[in-house]
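Undergrad: I'd like to ask some things about the structure below.
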Amino acid sequence: DMISQKNIPYPVKQKALVYPFDRQFLPFVRRKRHPHSLEFVHYVSPNGWGFEGKDAGTVDYGSPLGTAVSCDFDLALASCDAAVFVEADTPLDKGSYILPKMRQALEAGKDVHCCIRLEPEEYDALRGRAAERDRVFEYYCDMPEQSGRPLEKSPALKELHTPVLMVCGIVEGVGKFDAQLALAGQIRDSGAKASVITSRSCGRFAGEHSCTGFLFAPISEAEKIFRFNALAARIEKEESPDLIIIGVPGALLPLDAMNTGWFGVTAYEITRAVQADAALACMYYENYSPEYLSDFERICKYRFSLDITAYILENTALDFNDWDVFRMVIEPSLMQSNPLLKNREAPAFPYAEKQAAFDHVLACLSGNAVMEAI
């Protein structure tokens, strides 16, 4: 499934650096099973991000990994076999920071693994440079699709017979991807089978599926709905899972004029393509009232046909100022648990108790093969 310049079996794990590192990469690190032969030995963040010297696992107040974050890309590159380039909370200019370091890694004889979306000309240039140096260049995102022939008639949507759990976020950057991988891991550890269509374009780096190549392609919105439905139906047929987990890209609601989360458009398209049996909503941390959540559930029900099953309050708070919105990672022990939010049909759990949210969602899916296996 991945696009590679050279597919060769690695006899041993390759030592790899990760750049630019922040909390967004930790779901990959904490995953038990990896589809690649990479050992993450260096986590490199740009100067000014405030992570230098901290244990990489604690940047989101999680368990230590035993490796400190560095800001010295050159030094880390010298002791690695490969470099992994990833998305981060704080966007870096690709032309000024990311592409030059990719070229530097290839020039230094390192393999490059790219989890950042590239333009076709950028991909071609890096792929050619890797070929010249007999190095591996692996690209895990879907290539942008061009507009194809328009649909001559509306095909019928395929009905799925496997339970579907959707993981969505009220805004972006609230731990959807982490929840998708953690839930899938829990189900697989129980002996059941889970298929995952991730909310990130680089889902294949985690060994899962991704769909964003056509969701953001210049094709009609109707065709995107049909394509997503066909993707889910194909996965159901080929993998015979007990549960399909779908991560919804973007946000359910726009936050403001600058942080739109695609205005909920991707969520609308996906929920038109596939009917969810349960939905887990990830929220930023706030002192929500039961009335607020009830209003939010009505929006989800009538706009997206989603019945929210449970909430996870991510350990991320929003700081609003005059020009932008900043995300602050907060220590889970400081997050107060509101009994009024737990004692609801769709309970809300703070980040430290997200396992309870997983258990509640799976209990609501009782009576199917997933719960029987668990």
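In the structure tokens, chains take letters A, B, ... by order of appearance, with residues numbered from 1 within each chain and ligands from 1 in the order shown.
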Just the residues within 8 Å of A:Glu87, please, counting only C-alpha atoms, with nothing from its chain fewer than 5 positions along; format it as a short mmCIF file (atom, residue, chain, number, x, y, z; two decimals) with N, CA and C atoms, in the first residue's frame.
TA:
data_model
loop_
_atom_site.label_atom_id
_atom_site.label_comp_id
_atom_site.auth_asym_id
_atom_site.auth_seq_id
_atom_site.Cartn_x
_atom_site.Cartn_y
_atom_site.Cartn_z
N PRO A 20 9.34 17.09 12.67
CA PRO A 20 9.48 17.82 13.94
C PRO A 20 8.60 17.16 15.00
N GLN A 24 1.87 15.00 18.74
CA GLN A 24 1.10 14.38 17.67
C GLN A 24 1.70 13.04 17.22
N PHE A 25 2.99 12.83 17.47
CA PHE A 25 3.61 11.58 17.03
C PHE A 25 3.51 10.47 18.07
N CYS A 115 5.61 11.35 6.30
CA CYS A 115 4.21 11.33 6.73
C CYS A 115 3.57 12.70 6.57
N ILE A 116 4.18 13.54 5.75
CA ILE A 116 3.68 14.89 5.49
C ILE A 116 3.21 14.95 4.04
#
Undergrad: Neighbours of stretch 300-312 of chain A within 7 Å (only C-alpha atoms; same-chain residues fewer than 4 positions away dropped), as a PDB file with C-alpha atoms, in the first residue's frame?
TA:
ATOM      1  CA  TYR A 268     -21.038  15.281   6.706  1.00  0.00           C
ATOM      2  CA  THR A 271     -21.724  10.147   7.723  1.00  0.00           C
ATOM      3  CA  ALA A 276     -22.414   4.690  12.470  1.00  0.00           C
ATOM      4  CA  ALA A 278     -21.742   4.290  17.876  1.00  0.00           C
ATOM      5  CA  ALA A 279     -19.781   7.532  18.046  1.00  0.00           C
ATOM      6  CA  LEU A 280     -16.978   8.656  20.345  1.00  0.00           C
ATOM      7  CA  ALA A 281     -16.548  12.426  20.487  1.00  0.00           C
ATOM      8  CA  CYS A 282     -13.197  13.937  21.502  1.00  0.00           C
ATOM      9  CA  MET A 283     -13.402  17.404  23.062  1.00  0.00           C
ATOM     10  CA  PHE A 296     -24.189  19.428  20.874  1.00  0.00           C
ATOM     11  CA  ALA A 346     -23.601   9.689  26.793  1.00  0.00           C
ATOM     12  CA  PRO A 347     -21.085  10.174  29.622  1.00  0.00           C
ATOM     13  CA  ALA A 348     -18.031  12.434  29.387  1.00  0.00           C
ATOM     14  CA  PHE A 349     -14.724  11.214  30.830  1.00  0.00           C
ATOM     15  CA  PRO A 350     -11.542  13.224  31.458  1.00  0.00           C
ATOM     16  CA  TYR A 351      -8.375  12.169  29.650  1.00  0.00           C
ATOM     17  CA  LYS A 354     -10.436   7.489  28.734  1.00  0.00           C
ATOM     18  CA  ALA A 357     -14.986   5.833  27.701  1.00  0.00           C
ATOM     19  CA  VAL A 361     -18.631   2.519  23.891  1.00  0.00           C
TER      20      VAL A 361
END
Undergrad: Could you work out how far atom CA of A:Gly203 lies from atom CA of A:Ile299, giving the answer in Å with one decimal?
TA: 28.3 Å
Undergrad: Between A:Ala131, A:Val265, A:Ile98, A:Ala16, which residue has the minimum interatomic distance to A:Ala78, considering only C-alpha atoms?
TA: A:Ala16
Undergrad: Quick one: residues within 6 Å of A:Lys110, only C-alpha atoms counted, chain neighbours fewer than 5 positions away excluded, as a PyMOL selection string?
TA: chain A and resi 81-82+105
Undergrad: Please, could you write that set of residues out with C-alpha atoms as an mmCIF file, in the first residue's frame?
TA:
data_model
loop_
_atom_site.group_PDB
_atom_site.id
_atom_site.type_symbol
_atom_site.label_atom_id
_atom_site.label_comp_id
_atom_site.auth_asym_id
_atom_site.auth_seq_id
_atom_site.Cartn_x
_atom_site.Cartn_y
_atom_site.Cartn_z
ATOM 1 C CA ASP A 81 19.848 5.116 9.487
ATOM 2 C CA ALA A 82 16.583 6.857 8.597
ATOM 3 C CA ALA A 105 18.934 13.292 4.962
#
Undergrad: Assign secondary structure with DSSP using the backbone only, and return the residues of stretch 59-273 of chain A in alpha helix (DSSP H) as JSON, numbers by chain.
TA: {"A": [73, 74, 75, 76, 77, 78, 99, 100, 101, 102, 103, 104, 105, 106, 107, 120, 121, 122, 123, 124, 125, 126, 127, 128, 129, 130, 131, 132, 176, 177, 178, 179, 180, 181, 182, 183, 184, 185, 186, 187, 188, 189, 212, 213, 214, 215, 221, 222, 223, 224, 225, 226, 227, 228, 229, 230, 231, 232, 233, 234, 235, 236, 237, 238, 239, 265, 266, 267, 268, 269, 270, 271, 272, 273]}
Undergrad: Fewer than 3 positions away in the same chain doesn't count, so skip those; otherwise give me all residues within 6 Å of A:Ile244, counting only C-alpha atoms, as a VMD selection string.
TA: chain A and resid 164 194 to 196
Undergrad: Taking 6 positions as the minimum chain separation for residues in the same chain, which residues sit within 6 Å of A:Val44 when counting only C-alpha atoms? Answer as number ranges by chain.
TA: A: 18-21, 69-71
Undergrad: Between atom CA of A:Thr212 and atom CA of A:Pro91, what is the distance, to one decimal in Å?
TA: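 Taking atom CA of A:Thr212 as the start and atom CA of A:Pro91 as the end point, the length is 18.7 Å.
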Undergrad: Which residues are close to A:Phe205, i.e. within 12 Å by only C-alpha atoms, leaving aside same-chain residues fewer than 4 positions away? Reply as a PyMOL selection string.
TA: chain A and resi 1-3+25+27-29+31+33-38+84-86+113-116+138-142+181+198+200-201+209-210
Undergrad: So which bits of stretch 33-147 of chain A end up strand (DSSP E or B) when you DSSP the backbone, as a ChimeraX atom specification?
TA: /A:38-44,55,68-70,82-85,111-114,137-139
Undergrad: Could you pull the residues within 8 Å of A:Asp60, counting only C-alpha atoms, minus those fewer than 5 positions along the same chain, as a list in words?
TA: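 Listing them by chain and then by number gives Arg23, Asn315, Val329, Ile330 and Glu331 of chain A.
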Undergrad: Calculated over only C-alpha atoms, which of the candidates A:Gln336, A:Ser220, A:Ser199, A:Gln186 has the smallest distance to A:Val248?
TA: A:Ser199
